[in-house]
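Report on the structure given below.
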Amino acid sequence: MTVTESRAPLEHSALVRELGAVPFRVSSSSRSLALSPDGATVATVGEHVVQLLDAANGATLRVLELGGDERFELCAFASDGVLLFIAGWSATVLVLDARTLSLVRTLDTGHRGVHALASCPGAPHLLFTGGFEQHSALWDMRAGRIVCELPHWEHTAESRKPYVHKAVFSPDGARLVTVTYEGADLWEVPSGTHLGRVADTEFCPAGAAFSPDGEDLFVGNNVGRVALVNPRTGTFELERDALGSRRSIHAMFVTRDNESLVCCAEDGGAHVLSPSNLKLQRTVSGVGSLGTGAALGPDGDTLYLNDERGAIVRVSVSEGTIERPSVSGGCQHVAFLDDDTVVAVHHYGALARGSLRTGELQCTRGAQVWSTGLSSDGTKVALSGTKYDGMVTTILDTRTWKAVASSPLSGVTAVSDDGTVCVASERVVFFGDQRTRVDVPEVRQHARVHFGPGGSLLVALAGAEIVRIDVASRTVRDVAKVSKANAMAVDALGRVALAAGTKITLLGDESDKSAPEVFAFKGSNISCVATSLDGSLVAAGTHSGTLLLARRGEPKSGFSLRVARGSIDALAFSKDNALLVVGGSDPELRVFSVPKLFDAAPKPAAKSRAAVDSASADPKAPRAATKSKASAKKSAPAAAKKGKSSK
C-alpha cells in the first residue's frame, strides 16, 4: 500500500504538551552568533535559518528561513546595529534589516567562500569580507562596491593558498587585523595599506583582540600560546604559553575595564588572563566544545557562545557562572519513565527529564559520547565513548543520574530494564565486559541493538541481518536476512519493525514464517522507528519532520502528519498506548495524543458539494447516462454489420 504525505499544520489538536526550554531556543544547525552593538539582540545563523533572540531572556524575536542550496554559517551586525550581514560557503553576502530580517541588498564578493565578516566601528558603511585564496576586501555598503582589496597572497606562501578566518577592527576603526593560519597582518583603514605582519607562520595564529583603548593587540594560536603585540610596530612585547599545549584558541576578548583577557578554547573553557602579564587567573570550565560563534556583551562581562550542539551558552566572566538552555536539539532516544515523566538522551550525552504536568525539561548532565542506549522503561541509560567518568561505557540510573555499572568497552550500546548492558563492535556482541561475548555477523557503524521482552532476547541489526541472541545462554538463536535498514524497534513479543528508505517492514516472531507486513509512504526517508509495548502500533519519523503511524494487521491504517519543524530522530509510546513522545533536531520534545493523531489522519477525498447538488437536482441523469451507454453498445454491432455488407 502507498500512503501520501499530509501537509497538516505543525500545531494541531493532537498536541498534548511541549517539553523544552524557552530561553535561547535556536536551530540545531546554528553555526555562528553575533551580538548587536547595544547588547539587546543575539543573531544566529545555521545553513538555512536566521534567528533573532532577546539577549536578556533568550526569547525568539524573529525567524527567517532561507531558500535555495546555499549554506550560510557567518553573521555580523553593522557597528550601528541597523544591518545584519549573513555569509557562508558561497560568494554571496546577504544584507538584512537587523530588526525585520527583510533583504536590503545582496553582495557578490567573488570569493569561493566567505569565512570572515567584520563591520568597522565608527564607520558602519564599511564591511570587511575575508575569502579563500587570493584576496579579501573592504566594501562600501552605501554604494555596494569594493573600496579596496587586501591581497594576502603577496605576504604568504602562495602555494598554501590560505584564507582569512578572523578579522578584528581596532576600537577607533583605523586599523584592521586579519588572521590566517599562515599569519596575522595589520592594515590601515580605509586605504587598505599593509602596515606589516604581527604574527608569522611559526606562531600559527587562531584569534586576535584589541584592548579597549586600541594601544595593545593580543594574538592567540592553535596550541594555547598568547602574545602581546604592539599594533604600531607589529613586534611581540610578551609571549607566554598561557593555556598549555593542544588548546586552540577560537576567540579572544578584552573586557571593557581592561582587567581581563578572555580566551575561548577548544577544550570547552573560557580562560581569563591578566592583560599585563598574560598569566592565567581562572578558568570557567564546562562550557562545552565550542562552535564558531562568540561575542562579549557591552557590559564587558557577559560572554555569549555557541556550544557544539548549536545551543547558546551565556557565561559571566567575573562570577564564573554558566547559563545554558535546559536542553538543545539532537535528541537520540526518548522513553516514558512513568505516566508523568519523560526521559531523553541528546547528542553528546546530554540527559534530560521532562514532566508532562509542568512542561519543564531539565538537562542534568552531559559528556563526550558517541553512542547511547536507553532502556524501554526509561530507568537505565548506557553512555559509550572515549571517556566517561573514567570508563568507556557507563550505565546510569535515570532517577538519580548516578552510575550503577561500567564497562571498559566502546561500541553500539543497549541496556535492558534490569541493567544488563551489551556493546556491539565489529563481529562481536559483548555483555558487560570482554569475558562474555557472542560472535555475530559484521556490525556496521550505524547498526542498532535492542533487548527483547523482559531482557531475555537481544535483537541486533548487523549489516543486512537480524541476529536474535538468547541473553541467558549467550548463544545465537536465529539469524534472519533482511533488506538494508537504518532503524529498528522491538516490541514485548520479540517482533521486529524495520525502516529503510520510505518503507516500514513489520516482522513476526521466530515462529512466524508468514510474509512481512509492509507500509510504504511517500515523502522523505525514515530516520527512526518505534513500536508500542504490545506491538499493535508502529510509528516512524522522517528527516522532514513527518510522523508516520500505522496499526499492525490493518493494511489501510497507515498515514502521515507533519508534526515537527526539523528531523524526527526519537519516538516512544506510553505503556497504555495513549501518548507518543517525539524528539529530534527541534530543541523541544512534543507529546501527542495517539487517539487524536488517528482522528487527524487524512480522509479520502469526498465529492464536491456542487457535484452532489447537481446529482440530487436531476435524479434521471444517471439513468440517462446508463441508457445512452446501452444504446451505444447496441448500435455498435449494427454499424459493423452495415459496413461489412457495403463491402
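Residue numbering restarts at 1 for every chain of the C-alpha cells, chains are lettered A, B, ... in their displayed order, and ligands are numbered from 1 as they appear.
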
Polymer residues at most 6 Å from region 121-133 of chain A, only C-alpha atoms, same-chain spacing of 4 or more positions, as a PyMOL selection string: chain A and resi 78-80+111-117+137-141+161-164+173

Within 9 Å of Arg565 (chain A) using only C-alpha atoms, minus same-chain residues under 4 positions, as a PyMOL selection string: chain A and resi 10+544-546+585-586

Written file, previous selection with C-alpha atoms, as a PDB file, in the first residue's frame:
```pdb
ATOM      1  CA  LEU A  10       2.546  21.812  12.929  1.00  0.00           C
ATOM      2  CA  SER A 544      11.471  16.382   7.117  1.00  0.00           C
ATOM      3  CA  GLY A 545       9.554  16.289  10.424  1.00  0.00           C
ATOM      4  CA  THR A 546       6.778  13.982   9.226  1.00  0.00           C
ATOM      5  CA  SER A 585      16.514  18.345  15.875  1.00  0.00           C
ATOM      6  CA  ASP A 586      13.995  20.747  17.436  1.00  0.00           C
TER       7      ASP A 586
END
```

Determine, for each residue of region 309-365 of chain A having at least one atom at most 12 Å from an atom of region 253-270 of chain A, the closest pair of atoms and their separation in Å to one decimal, counting only C-alpha atoms; order by chain and ascending number, as a Markdown table.
```
| residue | atom | partner | partner_atom | distance |
| --- | --- | --- | --- | --- |
| A:Val313 | CA | A:Gly268 | CA | 11.2 |
| A:Arg314 | CA | A:Ala270 | CA | 11.1 |
| A:Val315 | CA | A:Ala270 | CA | 8.5 |
| A:Ser316 | CA | A:Ala270 | CA | 9.9 |
| A:Val317 | CA | A:Val262 | CA | 8.0 |
| A:Ser318 | CA | A:Ser260 | CA | 9.1 |
| A:Gly320 | CA | A:Ala270 | CA | 9.0 |
| A:Thr321 | CA | A:Ala270 | CA | 10.8 |
| A:Ile322 | CA | A:Ala270 | CA | 10.3 |
```

Put those residues in a file: N, CA and C atoms, as an mmCIF file, in the first residue's frame.
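Generated file (out34.cif):
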```cif
data_model
loop_
_atom_site.group_PDB
_atom_site.id
_atom_site.type_symbol
_atom_site.label_atom_id
_atom_site.label_comp_id
_atom_site.auth_asym_id
_atom_site.auth_seq_id
_atom_site.Cartn_x
_atom_site.Cartn_y
_atom_site.Cartn_z
ATOM 1 N N VAL A 313 25.237 29.418 24.941
ATOM 2 C CA VAL A 313 25.648 29.388 26.344
ATOM 3 C C VAL A 313 26.013 30.809 26.756
ATOM 4 N N ARG A 314 25.530 31.240 27.917
ATOM 5 C CA ARG A 314 25.832 32.574 28.417
ATOM 6 C C ARG A 314 26.708 32.439 29.662
ATOM 7 N N VAL A 315 27.864 33.102 29.645
ATOM 8 C CA VAL A 315 28.864 32.962 30.706
ATOM 9 C C VAL A 315 29.108 34.323 31.359
ATOM 10 N N SER A 316 29.135 34.344 32.686
ATOM 11 C CA SER A 316 29.553 35.539 33.418
ATOM 12 C C SER A 316 31.045 35.410 33.703
ATOM 13 N N VAL A 317 31.851 36.302 33.122
ATOM 14 C CA VAL A 317 33.301 36.211 33.271
ATOM 15 C C VAL A 317 33.721 36.458 34.713
ATOM 16 N N SER A 318 33.125 37.443 35.365
ATOM 17 C CA SER A 318 33.532 37.800 36.724
ATOM 18 C C SER A 318 33.108 36.760 37.742
ATOM 19 N N GLY A 320 32.079 33.567 36.979
ATOM 20 C CA GLY A 320 32.427 32.209 36.563
ATOM 21 C C GLY A 320 31.233 31.286 36.461
ATOM 22 N N THR A 321 30.027 31.837 36.278
ATOM 23 C CA THR A 321 28.819 31.028 36.184
ATOM 24 C C THR A 321 28.434 30.824 34.732
ATOM 25 N N ILE A 322 27.734 29.731 34.466
ATOM 26 C CA ILE A 322 27.317 29.369 33.116
ATOM 27 C C ILE A 322 25.809 29.220 33.100
#
```

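CA of Glu554 (chain A) is found 26.8 Å from CA of Gly454 (chain A).
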
Filtered DSSP result for region 355-516 of chain A, state strand (DSSP E or B), as a PyMOL selection string: chain A and resi 355+361-365+371-374+380-388+391-397+402-407+412-415+421-425+428-431+437-439+448-451+457-462+465-470+475-481+487-490+496-500+503-506

Give me, as a Markdown table, each residue of region 215-319 of chain A that comes within 8 Å of region 183-201 of chain A, together with its shortest interatomic pair and the distance in Å at one decimal, counting only C-alpha atoms, with rows ordered by chain and rising residue number.
```
| residue | atom | partner | partner_atom | distance |
| --- | --- | --- | --- | --- |
| A:Val219 | CA | A:Ala199 | CA | 7.9 |
| A:Val229 | CA | A:Val198 | CA | 7.0 |
| A:Pro231 | CA | A:Leu186 | CA | 7.6 |
| A:Thr233 | CA | A:Gly196 | CA | 7.8 |
| A:Gly234 | CA | A:Val198 | CA | 4.4 |
| A:Thr235 | CA | A:Val198 | CA | 6.4 |
| A:Phe236 | CA | A:Val198 | CA | 7.7 |
```

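CA of Arg31 (chain A) is found 10.2 Å from CA of Ile312 (chain A).
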
Closest atom pairs, residues of region 331-388 of chain A within 6 Å of region 396-412 of chain A, only C-alpha atoms, as a Markdown table:
```
| residue | atom | partner | partner_atom | distance |
| --- | --- | --- | --- | --- |
| A:Ser371 | CA | A:Val412 | CA | 5.8 |
| A:Thr379 | CA | A:Thr398 | CA | 5.2 |
| A:Lys380 | CA | A:Asp397 | CA | 4.9 |
| A:Val381 | CA | A:Leu396 | CA | 5.3 |
| A:Ser384 | CA | A:Ser410 | CA | 5.6 |
```

Test item: residues at most 9 Å from Leu383 (chain A), only C-alpha atoms, excluding those fewer than 4 positions along its chain, as number ranges by chain: A: 349, 367, 369-374, 388, 392-396, 413

All heavy atoms of the current selection, written as a CSV table (one decimal), in the first residue's frame:
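Output contents, as saved in again_33.csv:
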```
chain,number,residue,atom,x,y,z
A,349,GLY,N,25.7,13.1,24.9
A,349,GLY,CA,25.4,12.6,26.2
A,349,GLY,C,24.7,13.5,27.1
A,349,GLY,O,24.6,13.2,28.3
A,367,ALA,N,28.3,14.6,28.4
A,367,ALA,CA,29.7,14.2,28.3
A,367,ALA,C,29.9,13.9,26.8
A,367,ALA,O,29.0,13.8,26.0
A,367,ALA,CB,30.0,12.9,29.1
A,369,VAL,N,30.2,11.6,24.3
A,369,VAL,CA,30.0,10.2,24.0
A,369,VAL,C,29.5,10.1,22.5
A,369,VAL,O,29.0,11.1,22.0
A,369,VAL,CB,28.9,9.6,24.9
A,369,VAL,CG1,29.4,9.6,26.3
A,369,VAL,CG2,27.6,10.3,24.8
A,370,TRP,N,29.6,8.9,21.9
A,370,TRP,CA,29.2,8.8,20.5
A,370,TRP,C,28.2,7.7,20.3
A,370,TRP,O,27.6,7.6,19.2
A,370,TRP,CB,30.4,8.5,19.6
A,370,TRP,CG,31.1,7.2,19.9
A,370,TRP,CD1,32.1,6.9,20.8
A,370,TRP,CD2,30.9,6.0,19.2
A,370,TRP,NE1,32.4,5.6,20.8
A,370,TRP,CE2,31.7,5.0,19.8
A,370,TRP,CE3,30.0,5.6,18.2
A,370,TRP,CZ2,31.8,3.7,19.3
A,370,TRP,CZ3,30.1,4.3,17.7
A,370,TRP,CH2,31.0,3.4,18.3
A,371,SER,N,27.8,7.0,21.4
A,371,SER,CA,26.7,6.0,21.3
A,371,SER,C,26.0,6.0,22.6
A,371,SER,O,26.6,6.0,23.7
A,371,SER,CB,27.3,4.6,20.9
A,371,SER,OG,26.3,3.7,20.9
A,372,THR,N,24.7,5.9,22.5
A,372,THR,CA,23.9,5.8,23.7
A,372,THR,C,22.8,4.8,23.6
A,372,THR,O,22.4,4.4,22.5
A,372,THR,CB,23.2,7.2,24.0
A,372,THR,OG1,22.3,7.5,22.9
A,372,THR,CG2,24.2,8.3,24.2
A,373,GLY,N,22.3,4.3,24.7
A,373,GLY,CA,21.2,3.3,24.7
A,373,GLY,C,20.3,3.6,25.9
A,373,GLY,O,20.8,3.8,27.0
A,374,LEU,N,19.0,3.5,25.7
A,374,LEU,CA,18.1,3.8,26.8
A,374,LEU,C,17.2,2.6,26.9
A,374,LEU,O,16.6,2.1,26.0
A,374,LEU,CB,17.3,5.1,26.5
A,374,LEU,CG,16.3,5.6,27.5
A,374,LEU,CD1,17.0,6.0,28.8
A,374,LEU,CD2,15.5,6.8,27.0
A,388,TYR,N,34.2,8.4,29.9
A,388,TYR,CA,33.1,9.0,30.6
A,388,TYR,C,33.2,8.5,32.1
A,388,TYR,O,33.1,7.4,32.4
A,388,TYR,CB,31.8,8.5,30.0
A,388,TYR,CG,30.6,9.1,30.6
A,388,TYR,CD1,30.0,10.3,30.1
A,388,TYR,CD2,30.0,8.6,31.8
A,388,TYR,CE1,29.0,10.9,30.6
A,388,TYR,CE2,28.9,9.3,32.4
A,388,TYR,CZ,28.4,10.4,31.8
A,388,TYR,OH,27.3,11.1,32.3
A,392,VAL,N,34.8,3.7,29.7
A,392,VAL,CA,34.5,3.9,28.3
A,392,VAL,C,32.9,3.8,28.2
A,392,VAL,O,32.4,4.6,27.4
A,392,VAL,CB,35.1,2.8,27.4
A,392,VAL,CG1,34.6,2.9,26.0
A,392,VAL,CG2,36.7,3.0,27.5
A,393,THR,N,32.3,2.9,28.9
A,393,THR,CA,30.8,2.8,28.9
A,393,THR,C,30.3,2.8,30.3
A,393,THR,O,30.8,2.1,31.1
A,393,THR,CB,30.3,1.5,28.2
A,393,THR,OG1,30.8,1.5,26.8
A,393,THR,CG2,28.8,1.5,28.2
A,394,THR,N,29.4,3.7,30.6
A,394,THR,CA,28.8,3.8,31.9
A,394,THR,C,27.3,3.7,31.9
A,394,THR,O,26.7,4.2,31.0
A,394,THR,CB,29.2,5.2,32.5
A,394,THR,OG1,30.6,5.3,32.6
A,394,THR,CG2,28.6,5.4,33.9
A,395,ILE,N,26.7,3.0,32.9
A,395,ILE,CA,25.3,2.8,33.0
A,395,ILE,C,24.8,3.7,34.1
A,395,ILE,O,25.3,3.6,35.2
A,395,ILE,CB,24.9,1.3,33.3
A,395,ILE,CG1,25.7,0.4,32.4
A,395,ILE,CG2,23.4,1.2,33.2
A,395,ILE,CD1,25.5,0.7,30.9
A,396,LEU,N,23.8,4.6,33.8
A,396,LEU,CA,23.3,5.5,34.8
A,396,LEU,C,21.9,5.1,35.1
A,396,LEU,O,21.1,4.6,34.3
A,396,LEU,CB,23.4,6.9,34.3
A,396,LEU,CG,24.7,7.5,33.9
A,396,LEU,CD1,24.6,8.9,33.4
A,396,LEU,CD2,25.7,7.5,35.1
A,413,THR,N,25.6,0.6,21.7
A,413,THR,CA,25.3,0.2,23.1
A,413,THR,C,23.8,0.1,23.2
A,413,THR,O,23.0,0.8,22.6
A,413,THR,CB,25.8,1.3,24.1
A,413,THR,OG1,27.1,1.6,23.8
A,413,THR,CG2,25.6,0.9,25.5
```

Residue among A:His271, A:Arg17, A:His346, A:His165 lying closest to Leu580 (chain A), counting only C-alpha atoms: A:Arg17

Which residue of A:Val459, A:Ala487, A:Val82, A:Cys528 approaches Ser567 (chain A) most closely, using only C-alpha atoms: A:Cys528

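Residue nearest Ser376 (chain A) within the list A:Leu296, A:Val423, A:Ala489, A:Val429: A:Ala489 [criterion: smallest interatomic distance, only C-alpha atoms].
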
Non-local contacts of region 555-564 of chain A (10 Å; only C-alpha atoms; under 2 positions in same chain excluded) as JSON, numbers by chain: {"A": [1, 2, 3, 4, 5, 6, 7, 8, 9, 10, 11, 12, 14, 15, 517, 518, 519, 520, 521, 522, 523, 538, 539, 540, 541, 542, 543, 544, 545, 546, 547, 548, 549, 550, 551, 552, 553, 566, 567, 568, 582, 583, 584, 585, 586, 588, 589, 590, 592, 597, 598, 600, 601, 602, 603]}

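Here CA of Thr341 (chain A) is placed at a distance of 5.6 Å from CA of Gly354 (chain A).
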
Residues within 9 Å of Ile249 (chain A), only C-alpha atoms, excluding chain neighbours under 2 positions, as a PyMOL selection string: chain A and resi 205-207+220-226+243+247+251-252+263-266

Excluding same-chain residues fewer than 6 positions from Val345 (chain A), what lies within 10 Å of it counting only C-alpha atoms, as a JSON list (two decimals) with N, CA and C atoms, in the first residue's frame?
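What follows is the written file part14.json:
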```json
[["chain", "number", "residue", "atom", "x", "y", "z"],
["A", 327, "VAL", "N", 17.83, 22.28, 27.46],
["A", 327, "VAL", "CA", 18.01, 21.20, 26.50],
["A", 327, "VAL", "C", 18.24, 21.83, 25.13],
["A", 330, "GLY", "N", 18.92, 17.71, 18.76],
["A", 330, "GLY", "CA", 19.67, 16.49, 18.54],
["A", 330, "GLY", "C", 19.31, 15.36, 19.48],
["A", 331, "CYS", "N", 18.00, 15.17, 19.76],
["A", 331, "CYS", "CA", 17.56, 14.09, 20.65],
["A", 331, "CYS", "C", 17.76, 12.75, 19.96],
["A", 332, "GLN", "N", 18.37, 11.79, 20.67],
["A", 332, "GLN", "CA", 18.65, 10.47, 20.11],
["A", 332, "GLN", "C", 17.67, 9.41, 20.59],
["A", 333, "HIS", "N", 17.32, 9.45, 21.89],
["A", 333, "HIS", "CA", 16.43, 8.43, 22.47],
["A", 333, "HIS", "C", 15.45, 9.09, 23.43],
["A", 334, "VAL", "N", 14.25, 8.56, 23.49],
["A", 334, "VAL", "CA", 13.26, 9.00, 24.47],
["A", 334, "VAL", "C", 12.54, 7.78, 25.02],
["A", 335, "ALA", "N", 12.02, 7.90, 26.22],
["A", 335, "ALA", "CA", 11.23, 6.83, 26.84],
["A", 335, "ALA", "C", 10.40, 7.43, 27.97],
["A", 351, "LEU", "N", 21.64, 14.55, 29.13],
["A", 351, "LEU", "CA", 20.50, 13.81, 29.62],
["A", 351, "LEU", "C", 19.45, 14.77, 30.16],
["A", 352, "ALA", "N", 18.19, 14.43, 29.97],
["A", 352, "ALA", "CA", 17.13, 15.34, 30.39],
["A", 352, "ALA", "C", 15.93, 14.55, 30.91],
["A", 353, "ARG", "N", 15.21, 15.17, 31.84],
["A", 353, "ARG", "CA", 13.94, 14.64, 32.35],
["A", 353, "ARG", "C", 12.87, 15.70, 32.17],
["A", 363, "CYS", "N", 17.97, 19.68, 31.68],
["A", 363, "CYS", "CA", 19.19, 18.95, 31.31],
["A", 363, "CYS", "C", 20.02, 18.75, 32.56],
["A", 366, "GLY", "N", 26.06, 15.96, 30.89],
["A", 366, "GLY", "CA", 26.45, 15.67, 29.52],
["A", 366, "GLY", "C", 27.91, 15.26, 29.46],
["A", 372, "THR", "N", 24.69, 5.89, 22.53],
["A", 372, "THR", "CA", 23.87, 5.83, 23.74],
["A", 372, "THR", "C", 22.80, 4.77, 23.59],
["A", 373, "GLY", "N", 22.30, 4.29, 24.71],
["A", 373, "GLY", "CA", 21.21, 3.33, 24.72],
["A", 373, "GLY", "C", 20.33, 3.58, 25.92],
["A", 374, "LEU", "N", 19.01, 3.54, 25.73],
["A", 374, "LEU", "CA", 18.07, 3.81, 26.80],
["A", 374, "LEU", "C", 17.15, 2.61, 26.95],
["A", 381, "VAL", "N", 20.28, 4.17, 31.38],
["A", 381, "VAL", "CA", 20.85, 4.70, 30.15],
["A", 381, "VAL", "C", 22.31, 4.30, 30.09],
["A", 382, "ALA", "N", 22.75, 3.87, 28.91],
["A", 382, "ALA", "CA", 24.15, 3.50, 28.69],
["A", 382, "ALA", "C", 24.80, 4.56, 27.81],
["A", 383, "LEU", "N", 25.94, 5.06, 28.25],
["A", 383, "LEU", "CA", 26.69, 6.08, 27.51],
["A", 383, "LEU", "C", 28.05, 5.51, 27.15],
["A", 570, "ALA", "N", 13.73, 10.46, 17.41],
["A", 570, "ALA", "CA", 13.44, 9.60, 18.56],
["A", 570, "ALA", "C", 11.94, 9.58, 18.80],
["A", 583, "GLY", "N", 10.90, 13.41, 19.52],
["A", 583, "GLY", "CA", 12.10, 14.22, 19.70],
["A", 583, "GLY", "C", 12.93, 14.22, 18.44]]
```
